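Visitor: Sharing target.pdb (PDB, C-alpha atoms) below.
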```pdb
ATOM      1  CA  MET A 761      20.779 -28.327  51.576
ATOM      2  CA  LYS A 762      17.310 -27.785  53.041
ATOM      3  CA  LYS A 763      15.833 -24.410  52.075
ATOM      4  CA  PHE A 764      13.080 -22.267  53.551
ATOM      5  CA  LYS A 765      11.296 -19.045  52.691
ATOM      6  CA  THR A 766      10.395 -16.034  54.812
ATOM      7  CA  VAL A 767       6.669 -15.279  54.896
ATOM      8  CA  LYS A 768       5.542 -11.856  56.129
ATOM      9  CA  TYR A 769       2.196 -10.751  57.539
ATOM     10  CA  THR A 770       1.026  -7.388  58.887
ATOM     11  CA  ILE A 771      -1.868  -7.039  61.306
ATOM     12  CA  SER A 772      -3.271  -3.986  63.086
ATOM     13  CA  SER A 773      -4.811  -3.488  66.515
ATOM     14  CA  HIS A 774      -6.456  -0.634  68.393
ATOM     15  CA  LYS A 775      -4.647  -1.888  71.513
ATOM     16  CA  LEU A 776      -1.324  -0.677  70.111
ATOM     17  CA  GLN A 777      -1.008   3.038  70.695
ATOM     18  CA  ASN A 778       2.175   4.372  69.154
ATOM     19  CA  HIS A 779       4.629   1.716  68.054
ATOM     20  CA  SER A 780       4.866  -1.303  65.773
ATOM     21  CA  PHE A 781       6.769  -4.466  66.631
ATOM     22  CA  THR A 782       7.760  -7.669  64.849
ATOM     23  CA  ILE A 783       7.358 -11.288  65.914
ATOM     24  CA  ALA A 784       9.424 -14.103  64.442
ATOM     25  CA  MET A 785       7.438 -17.328  64.636
ATOM     26  CA  ILE A 786       9.293 -20.661  64.715
ATOM     27  CA  SER A 787       7.175 -23.789  64.369
ATOM     28  CA  ASP A 788       7.760 -27.516  63.837
ATOM     29  CA  LEU A 789      11.518 -27.467  63.373
ATOM     30  CA  HIS A 790      11.614 -31.106  64.573
ATOM     31  CA  ASN A 791      15.423 -31.260  64.923
ATOM     32  CA  VAL A 792      15.907 -30.212  61.279
ATOM     33  CA  GLU A 793      19.023 -28.173  60.511
ATOM     34  CA  LEU A 794      18.735 -25.355  57.976
ATOM     35  CA  GLY A 795      22.410 -24.865  57.321
ATOM     36  CA  LYS A 796      25.050 -26.199  59.688
ATOM     37  CA  LYS A 797      23.702 -25.822  63.230
ATOM     38  CA  ASN A 798      20.790 -23.850  61.695
ATOM     39  CA  GLU A 799      23.143 -21.034  60.708
ATOM     40  CA  ASN A 800      20.954 -20.091  57.696
ATOM     41  CA  LEU A 801      17.863 -19.727  59.864
ATOM     42  CA  LEU A 802      19.767 -17.806  62.527
ATOM     43  CA  GLU A 803      21.285 -15.521  59.902
ATOM     44  CA  VAL A 804      17.837 -14.464  58.661
ATOM     45  CA  LEU A 805      16.691 -13.866  62.222
ATOM     46  CA  GLN A 806      19.768 -11.736  62.846
ATOM     47  CA  GLU A 807      19.135  -9.713  59.688
ATOM     48  CA  THR A 808      15.422  -9.119  60.338
ATOM     49  CA  LYS A 809      15.913  -8.197  64.022
ATOM     50  CA  PRO A 810      12.516  -9.261  65.434
ATOM     51  CA  ASP A 811      11.455  -7.801  68.759
ATOM     52  CA  ILE A 812      10.483 -11.236  70.076
ATOM     53  CA  ILE A 813      10.808 -14.840  68.916
ATOM     54  CA  CYS A 814       7.778 -17.056  69.540
ATOM     55  CA  ILE A 815       8.108 -20.826  69.301
ATOM     56  CA  ALA A 816       4.738 -22.384  68.500
ATOM     57  CA  GLY A 817       5.750 -25.927  69.454
ATOM     58  CA  ASP A 818       7.639 -28.986  68.200
ATOM     59  CA  LEU A 819      11.134 -27.561  68.133
ATOM     60  CA  VAL A 820      12.197 -31.078  69.160
ATOM     61  CA  LEU A 821      11.431 -34.523  67.759
ATOM     62  CA  GLY A 822       9.550 -36.688  70.245
ATOM     63  CA  LYS A 823      10.947 -40.105  69.394
ATOM     64  CA  LYS A 824      12.897 -42.565  71.498
ATOM     65  CA  GLU A 825      16.599 -41.833  71.783
ATOM     66  CA  LYS A 826      16.343 -38.623  69.731
ATOM     67  CA  SER A 827      18.603 -35.887  71.056
ATOM     68  CA  VAL A 828      17.507 -32.325  71.874
ATOM     69  CA  LYS A 829      20.977 -30.982  71.073
ATOM     70  CA  ILE A 830      19.939 -29.363  67.759
ATOM     71  CA  ALA A 831      17.091 -27.548  69.506
ATOM     72  CA  TYR A 832      19.354 -26.460  72.355
ATOM     73  CA  ASP A 833      22.063 -25.156  70.021
ATOM     74  CA  PHE A 834      19.442 -23.129  68.135
ATOM     75  CA  ILE A 835      17.958 -21.655  71.324
ATOM     76  CA  LYS A 836      21.394 -20.777  72.696
ATOM     77  CA  LYS A 837      21.978 -18.474  69.716
ATOM     78  CA  ALA A 838      18.374 -17.301  69.254
ATOM     79  CA  VAL A 839      18.237 -15.746  72.750
ATOM     80  CA  ARG A 840      21.075 -13.429  71.712
ATOM     81  CA  ILE A 841      18.884 -12.059  68.921
ATOM     82  CA  ALA A 842      15.605 -11.433  70.778
ATOM     83  CA  PRO A 843      13.643 -12.602  73.845
ATOM     84  CA  VAL A 844      12.286 -16.118  73.276
ATOM     85  CA  TYR A 845       8.805 -17.296  74.329
ATOM     86  CA  TYR A 846       8.217 -21.029  73.989
ATOM     87  CA  GLY A 847       4.800 -22.690  73.706
ATOM     88  CA  LEU A 848       4.752 -26.482  73.829
ATOM     89  CA  GLY A 849       3.757 -28.737  70.948
ATOM     90  CA  ASN A 850       2.572 -32.324  71.206
ATOM     91  CA  HIS A 851       6.173 -33.594  70.870
ATOM     92  CA  GLU A 852       7.400 -31.579  73.858
ATOM     93  CA  GLN A 853       4.349 -32.552  75.867
ATOM     94  CA  ARG A 854       4.736 -36.285  75.399
ATOM     95  CA  MET A 855       8.504 -36.241  76.012
ATOM     96  CA  LYS A 856       7.865 -34.397  79.251
ATOM     97  CA  LYS A 857       4.930 -36.575  80.315
ATOM     98  CA  TYR A 858       6.555 -39.951  79.644
ATOM     99  CA  PRO A 859      10.183 -39.866  80.860
ATOM    100  CA  GLN A 860       9.991 -43.645  81.263
ATOM    101  CA  VAL A 861       9.782 -43.817  77.465
ATOM    102  CA  TYR A 862      11.824 -40.809  76.316
ATOM    103  CA  GLY A 863      14.217 -40.396  79.241
ATOM    104  CA  GLU A 864      14.965 -37.233  81.201
ATOM    105  CA  GLU A 865      16.692 -35.334  78.382
ATOM    106  CA  TYR A 866      13.725 -33.118  77.560
ATOM    107  CA  ARG A 867      13.168 -32.115  81.176
ATOM    108  CA  ILE A 868      16.860 -31.235  81.452
ATOM    109  CA  PHE A 869      16.600 -29.301  78.166
ATOM    110  CA  GLU A 870      13.711 -27.246  79.532
ATOM    111  CA  LYS A 871      15.641 -26.290  82.651
ATOM    112  CA  ARG A 872      18.743 -25.394  80.644
ATOM    113  CA  ILE A 873      16.950 -23.097  78.200
ATOM    114  CA  GLN A 874      15.109 -21.362  81.038
ATOM    115  CA  LYS A 875      18.540 -20.556  82.500
ATOM    116  CA  LEU A 876      19.373 -18.985  79.126
ATOM    117  CA  GLY A 877      16.368 -16.684  79.572
ATOM    118  CA  VAL A 878      13.658 -18.510  77.600
ATOM    119  CA  THR A 879      10.118 -18.030  78.924
ATOM    120  CA  MET A 880       8.317 -21.387  78.860
ATOM    121  CA  LEU A 881       4.543 -21.068  78.546
ATOM    122  CA  GLU A 882       2.709 -24.256  79.499
ATOM    123  CA  ASN A 883      -0.866 -23.170  80.192
ATOM    124  CA  SER A 884       0.583 -19.975  81.586
ATOM    125  CA  SER A 885       1.045 -16.353  80.580
ATOM    126  CA  SER A 886       3.698 -13.671  80.647
ATOM    127  CA  SER A 887       3.352  -9.888  80.437
ATOM    128  CA  LEU A 888       5.938  -7.605  78.866
ATOM    129  CA  LYS A 889       6.376  -4.242  77.203
ATOM    130  CA  ILE A 890       7.737  -3.715  73.709
ATOM    131  CA  LYS A 891       8.566  -0.096  72.909
ATOM    132  CA  GLY A 892       6.135   0.876  75.658
ATOM    133  CA  GLU A 893       3.268  -1.221  74.275
ATOM    134  CA  LYS A 894       1.639  -3.622  76.733
ATOM    135  CA  ILE A 895       1.776  -7.253  75.536
ATOM    136  CA  GLN A 896       0.556 -10.502  77.032
ATOM    137  CA  ILE A 897       1.689 -13.894  75.713
ATOM    138  CA  SER A 898      -0.032 -17.153  76.683
ATOM    139  CA  GLY A 899       0.892 -20.726  75.831
ATOM    140  CA  LEU A 900      -1.895 -23.299  75.455
ATOM    141  CA  ALA A 901      -0.875 -26.917  76.145
ATOM    142  CA  LEU A 902      -3.874 -29.094  75.323
ATOM    143  CA  PRO A 903      -4.178 -32.553  76.901
ATOM    144  CA  GLU A 904      -3.131 -35.361  74.551
ATOM    145  CA  GLU A 905      -6.692 -36.469  73.770
ATOM    146  CA  TYR A 906      -7.072 -33.265  71.740
ATOM    147  CA  TYR A 907      -4.412 -34.603  69.345
ATOM    148  CA  LYS A 908      -5.940 -38.045  68.802
ATOM    149  CA  LYS A 909      -5.965 -39.207  65.190
ATOM    150  CA  ARG A 910      -9.318 -39.562  63.433
ATOM    151  CA  LYS A 911     -11.054 -38.095  66.468
ATOM    152  CA  LYS A 912     -12.010 -34.543  67.351
ATOM    153  CA  VAL A 913     -12.562 -33.661  70.963
ATOM    154  CA  GLU A 914     -14.421 -30.363  71.169
ATOM    155  CA  LEU A 915     -12.567 -27.446  72.735
ATOM    156  CA  SER A 916     -14.825 -24.969  74.505
ATOM    157  CA  ILE A 917     -14.190 -21.381  75.544
ATOM    158  CA  LYS A 918     -14.768 -22.521  79.114
ATOM    159  CA  THR A 919     -11.921 -25.044  78.815
ATOM    160  CA  MET A 920      -9.616 -22.442  77.293
ATOM    161  CA  ASN A 921     -10.390 -20.022  80.102
ATOM    162  CA  ARG A 922      -9.606 -22.753  82.611
ATOM    163  CA  LEU A 923      -6.285 -23.582  80.934
ATOM    164  CA  VAL A 924      -4.915 -20.122  80.044
ATOM    165  CA  GLY A 925      -7.378 -17.639  81.489
ATOM    166  CA  LYS A 926      -9.539 -15.137  79.649
ATOM    167  CA  ALA A 927      -8.247 -13.064  76.748
ATOM    168  CA  SER A 928      -7.000  -9.663  77.862
ATOM    169  CA  LYS A 929      -9.190  -6.689  77.005
ATOM    170  CA  GLU A 930      -6.428  -4.153  77.656
ATOM    171  CA  LYS A 931      -3.161  -5.749  76.484
ATOM    172  CA  PHE A 932      -2.330  -6.975  72.984
ATOM    173  CA  HIS A 933      -2.753 -10.686  73.613
ATOM    174  CA  ILE A 934      -0.730 -13.341  71.753
ATOM    175  CA  LEU A 935      -1.687 -17.009  72.108
ATOM    176  CA  LEU A 936       0.733 -19.829  71.239
ATOM    177  CA  ALA A 937      -1.548 -22.763  70.388
ATOM    178  CA  HIS A 938       0.286 -25.534  68.566
ATOM    179  CA  THR A 939      -2.550 -27.267  66.747
ATOM    180  CA  PRO A 940      -4.812 -25.171  64.491
ATOM    181  CA  LYS A 941      -7.514 -27.840  64.674
ATOM    182  CA  TYR A 942      -9.427 -25.623  67.109
ATOM    183  CA  GLY A 943      -9.052 -22.403  65.135
ATOM    184  CA  ASP A 944     -12.741 -21.555  65.480
ATOM    185  CA  THR A 945     -12.425 -21.627  69.266
ATOM    186  CA  TYR A 946      -9.201 -19.603  69.330
ATOM    187  CA  LEU A 947     -10.772 -16.846  67.228
ATOM    188  CA  GLU A 948     -13.900 -16.801  69.371
ATOM    189  CA  TRP A 949     -11.840 -16.790  72.603
ATOM    190  CA  GLY A 950     -10.757 -13.284  71.719
ATOM    191  CA  GLY A 951      -6.979 -13.034  71.671
ATOM    192  CA  ASP A 952      -5.557 -10.550  69.190
ATOM    193  CA  LEU A 953      -3.137 -12.990  67.549
ATOM    194  CA  THR A 954      -2.946 -16.783  67.759
ATOM    195  CA  LEU A 955       0.118 -18.588  66.388
ATOM    196  CA  SER A 956      -0.175 -22.239  65.328
ATOM    197  CA  GLY A 957       1.667 -24.844  63.273
ATOM    198  CA  HIS A 958       1.409 -28.642  63.589
ATOM    199  CA  TYR A 959      -0.129 -29.331  60.155
ATOM    200  CA  HIS A 960       3.141 -28.759  58.253
ATOM    201  CA  GLY A 961       1.085 -26.912  55.643
ATOM    202  CA  GLY A 962      -0.789 -30.106  54.791
ATOM    203  CA  MET A 963       2.421 -31.792  53.507
ATOM    204  CA  MET A 964       1.269 -31.315  49.904
ATOM    205  CA  ARG A 965      -0.581 -28.209  48.703
ATOM    206  CA  LEU A 966      -2.865 -28.013  45.672
ATOM    207  CA  PRO A 967      -4.065 -24.866  43.849
ATOM    208  CA  PHE A 968      -7.443 -23.631  45.168
ATOM    209  CA  LEU A 969      -7.676 -26.574  47.603
ATOM    210  CA  GLY A 970      -4.757 -25.805  49.931
ATOM    211  CA  GLY A 971      -3.200 -28.367  52.250
ATOM    212  CA  VAL A 972      -4.099 -31.969  51.505
ATOM    213  CA  ILE A 973      -3.779 -33.874  54.788
ATOM    214  CA  SER A 974      -3.296 -33.112  58.477
ATOM    215  CA  PRO A 975      -1.196 -35.160  60.937
ATOM    216  CA  ASP A 976      -4.436 -36.684  62.263
ATOM    217  CA  PHE A 977      -5.222 -37.871  58.701
ATOM    218  CA  ARG A 978      -8.047 -35.464  57.884
ATOM    219  CA  LEU A 979      -8.221 -34.492  54.231
ATOM    220  CA  PHE A 980      -8.157 -30.811  53.287
ATOM    221  CA  PRO A 981      -8.227 -29.560  56.890
ATOM    222  CA  ASN A 982      -9.288 -26.034  57.783
ATOM    223  CA  TYR A 983      -6.678 -23.549  59.006
ATOM    224  CA  CYS A 984      -3.815 -25.341  57.286
ATOM    225  CA  ARG A 985      -1.605 -22.354  56.500
ATOM    226  CA  GLY A 986      -2.031 -18.585  56.328
ATOM    227  CA  ASP A 987      -3.713 -15.675  58.093
ATOM    228  CA  PHE A 988      -7.323 -16.161  59.190
ATOM    229  CA  GLU A 989      -9.304 -13.262  60.655
ATOM    230  CA  LYS A 990     -12.567 -12.951  62.524
ATOM    231  CA  GLU A 991     -13.714  -9.627  63.944
ATOM    232  CA  LYS A 992     -10.092  -8.350  64.018
ATOM    233  CA  HIS A 993      -8.836 -11.457  65.827
ATOM    234  CA  HIS A 994      -6.116 -13.218  63.817
ATOM    235  CA  LEU A 995      -4.975 -16.836  63.603
ATOM    236  CA  ILE A 996      -1.704 -17.246  61.709
ATOM    237  CA  VAL A 997      -0.724 -20.821  60.861
ATOM    238  CA  SER A 998       2.796 -21.642  59.711
ATOM    239  CA  ALA A 999       3.658 -24.458  57.309
ATOM    240  CA  GLY A1000       6.579 -25.124  59.659
ATOM    241  CA  LEU A1001      10.309 -25.485  59.174
ATOM    242  CA  GLY A1002      10.749 -29.244  59.413
ATOM    243  CA  GLU A1003       9.026 -32.566  59.135
ATOM    244  CA  HIS A1004       9.216 -36.098  60.521
ATOM    245  CA  THR A1005       8.055 -39.680  59.869
ATOM    246  CA  LEU A1006       6.670 -38.787  56.397
ATOM    247  CA  PRO A1007       9.197 -36.202  55.137
ATOM    248  CA  ILE A1008       6.938 -34.947  52.360
ATOM    249  CA  ARG A1009       6.701 -31.361  51.111
ATOM    250  CA  ILE A1010       5.145 -30.859  47.684
ATOM    251  CA  PHE A1011       4.463 -27.245  46.594
ATOM    252  CA  ASN A1012       4.806 -26.559  50.303
ATOM    253  CA  PRO A1013       8.105 -24.885  51.269
ATOM    254  CA  ARG A1014       9.333 -24.553  54.820
ATOM    255  CA  GLU A1015       8.457 -21.213  56.408
ATOM    256  CA  LEU A1016       9.940 -18.722  58.789
ATOM    257  CA  VAL A1017       7.009 -16.432  59.622
ATOM    258  CA  LEU A1018       7.470 -12.736  60.433
ATOM    259  CA  ILE A1019       4.478 -10.792  61.731
ATOM    260  CA  THR A1020       4.492  -7.022  62.047
ATOM    261  CA  CYS A1021       1.903  -5.716  64.494
ATOM    262  CA  VAL A1022       0.962  -2.086  63.938
ATOM    263  CA  PRO A1023      -1.326   0.466  65.649
ATOM    264  CA  GLU A1024      -4.722   0.665  64.012
TER     265      GLU A1024
END
```
Using structure tokens, write down the structure that the file contains.

Guide:
Amino acid sequence: MKKFKTVKYTISSHKLQNHSFTIAMISDLHNVELGKKNENLLEVLQETKPDIICIAGDLVLGKKEKSVKIAYDFIKKAVRIAPVYYGLGNHEQRMKKYPQVYGEEYRIFEKRIQKLGVTMLENSSSSLKIKGEKIQISGLALPEEYYKKRKKVELSIKTMNRLVGKASKEKFHILLAHTPKYGDTYLEWGGDLTLSGHYHGGMMRLPFLGGVISPDFRLFPNYCRGDFEKEKHHLIVSAGLGEHTLPIRIFNPRELVLITCVPE
């Protein structure tokens, strides 16, 4: 049976006035089942009672003739636990962009989960209140050239502002940005908390060196896993819950990430 661990972080913000809240971050599940129909994962979510569930991309597996049923079954139960906000990963983006290759199943999936109450964030934002605290959540969907292997297209603040708007100065602003490759830009952009995955923790992790290789075949990439802070802006990168193509995890367990956000 596939196992995972729960990793907890706590961050503070002056934008939160009176109340704390908890985010459960799901990243890179890739159609993996943790217990039958993900019952083990759902059980931990039920026990921890997060205020919101944020999906930082790649819940599905973007390969020909791969079903989205596992992802749908998980979402159907997750929405009963907490409101779900879904930022796209590169797998969702390519399945949606190329129906001639992957069929219409992903597009149907997206419509079905929205009917369940999921908020899809594809270069868009949503505002909400948690315990009276004002929150904004944005989902960054970068064009596919930003994911090219062995190539790094620069991401500017200007491009981020064009895609998702400027970071809020009043609301606690969460950004769902699947790839951590552009962590420097996310931190400079100014959101309070950015959630990323994509690197699967580097597949193999070594003491003192961290993750070994990224999906775009860069050795010892920056922002591979953990909490990175710059001037009270946080980037939290999950090692993810699944894998694909090269199903390798060495000293690199699957992670469900829980983040408690507290008033400063």

Visitor: Could you tell me how far CA of Ala999 in chain A lies from CA of Asn791 in chain A, in Å and to one decimal?

Guide: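 If I compute the distance from CA of Ala999 in chain A to CA of Asn791 in chain A, I get 15.6 Å.
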
Visitor: Please identify all polymer residues lying at most 12 Å from the point (17.9, -23.1, 59.1) (file coordinates), using all atoms listed in the file, and present the result as an MDAnalysis selection string.

Guide: chainID A and resid 761:766 786:787 789:805 830:831 833:834 838 1000:1002 1014:1016

Visitor: So what do you get for CA of Tyr862 in chain A versus CA of Lys912 in chain A, distance-wise?

Guide: 26.2 Å

Visitor: With the PyMOL selection byres ((chain A and resi 897-907) around 6) as the selection, what would be picked from this file? Answer as a PyMOL selection string, please.

Guide: chain A and resi 847+881-886+896+908+913+933-937

Visitor: Which one is closest to Cys984 in chain A: A:Pro1007, A:Gly822, A:Gly817, A:Gly957? Count all atoms listed in the file.

Guide: A:Gly957

Visitor: Out of A:His851, A:His994, A:Val1017, A:Gly925, which residue has the shortest atom-to-atom distance to Ser772 in chain A when counting all atoms listed in the file?

Guide: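 Among the listed residues, the smallest separation from Ser772 in chain A belongs to A:His994.
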
Visitor: Convert the output of the PyMOL selection byres ((chain A and resi 849) around 6) on the shown file into explicit residues, formatted as a PyMOL selection string.

Guide: chain A and resi 817-818+848+850-852+938

Visitor: Keeping only C-alpha atoms, write the selected residues as a PDB file, keeping the file's coordinate frame.

Guide:
```pdb
ATOM      1  CA  GLY A 817       5.750 -25.927  69.454  1.00  0.00           C
ATOM      2  CA  ASP A 818       7.639 -28.986  68.200  1.00  0.00           C
ATOM      3  CA  LEU A 848       4.752 -26.482  73.829  1.00  0.00           C
ATOM      4  CA  ASN A 850       2.572 -32.324  71.206  1.00  0.00           C
ATOM      5  CA  HIS A 851       6.173 -33.594  70.870  1.00  0.00           C
ATOM      6  CA  GLU A 852       7.400 -31.579  73.858  1.00  0.00           C
ATOM      7  CA  HIS A 938       0.286 -25.534  68.566  1.00  0.00           C
TER       8      HIS A 938
END
```

Visitor: Which is closer to Lys837 in chain A than all the others in A:Ile895, A:Val820, A:Ile813, A:Leu776, using all atoms listed in the file?

Guide: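 Once distances to Lys837 in chain A are computed over all atoms listed in the file, the minimum belongs to A:Ile813.
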
Visitor: Figure out the distance between CA of Pro810 in chain A and CA of Lys836 in chain A, please, to one decimal in Å.

Guide: 16.3 Å
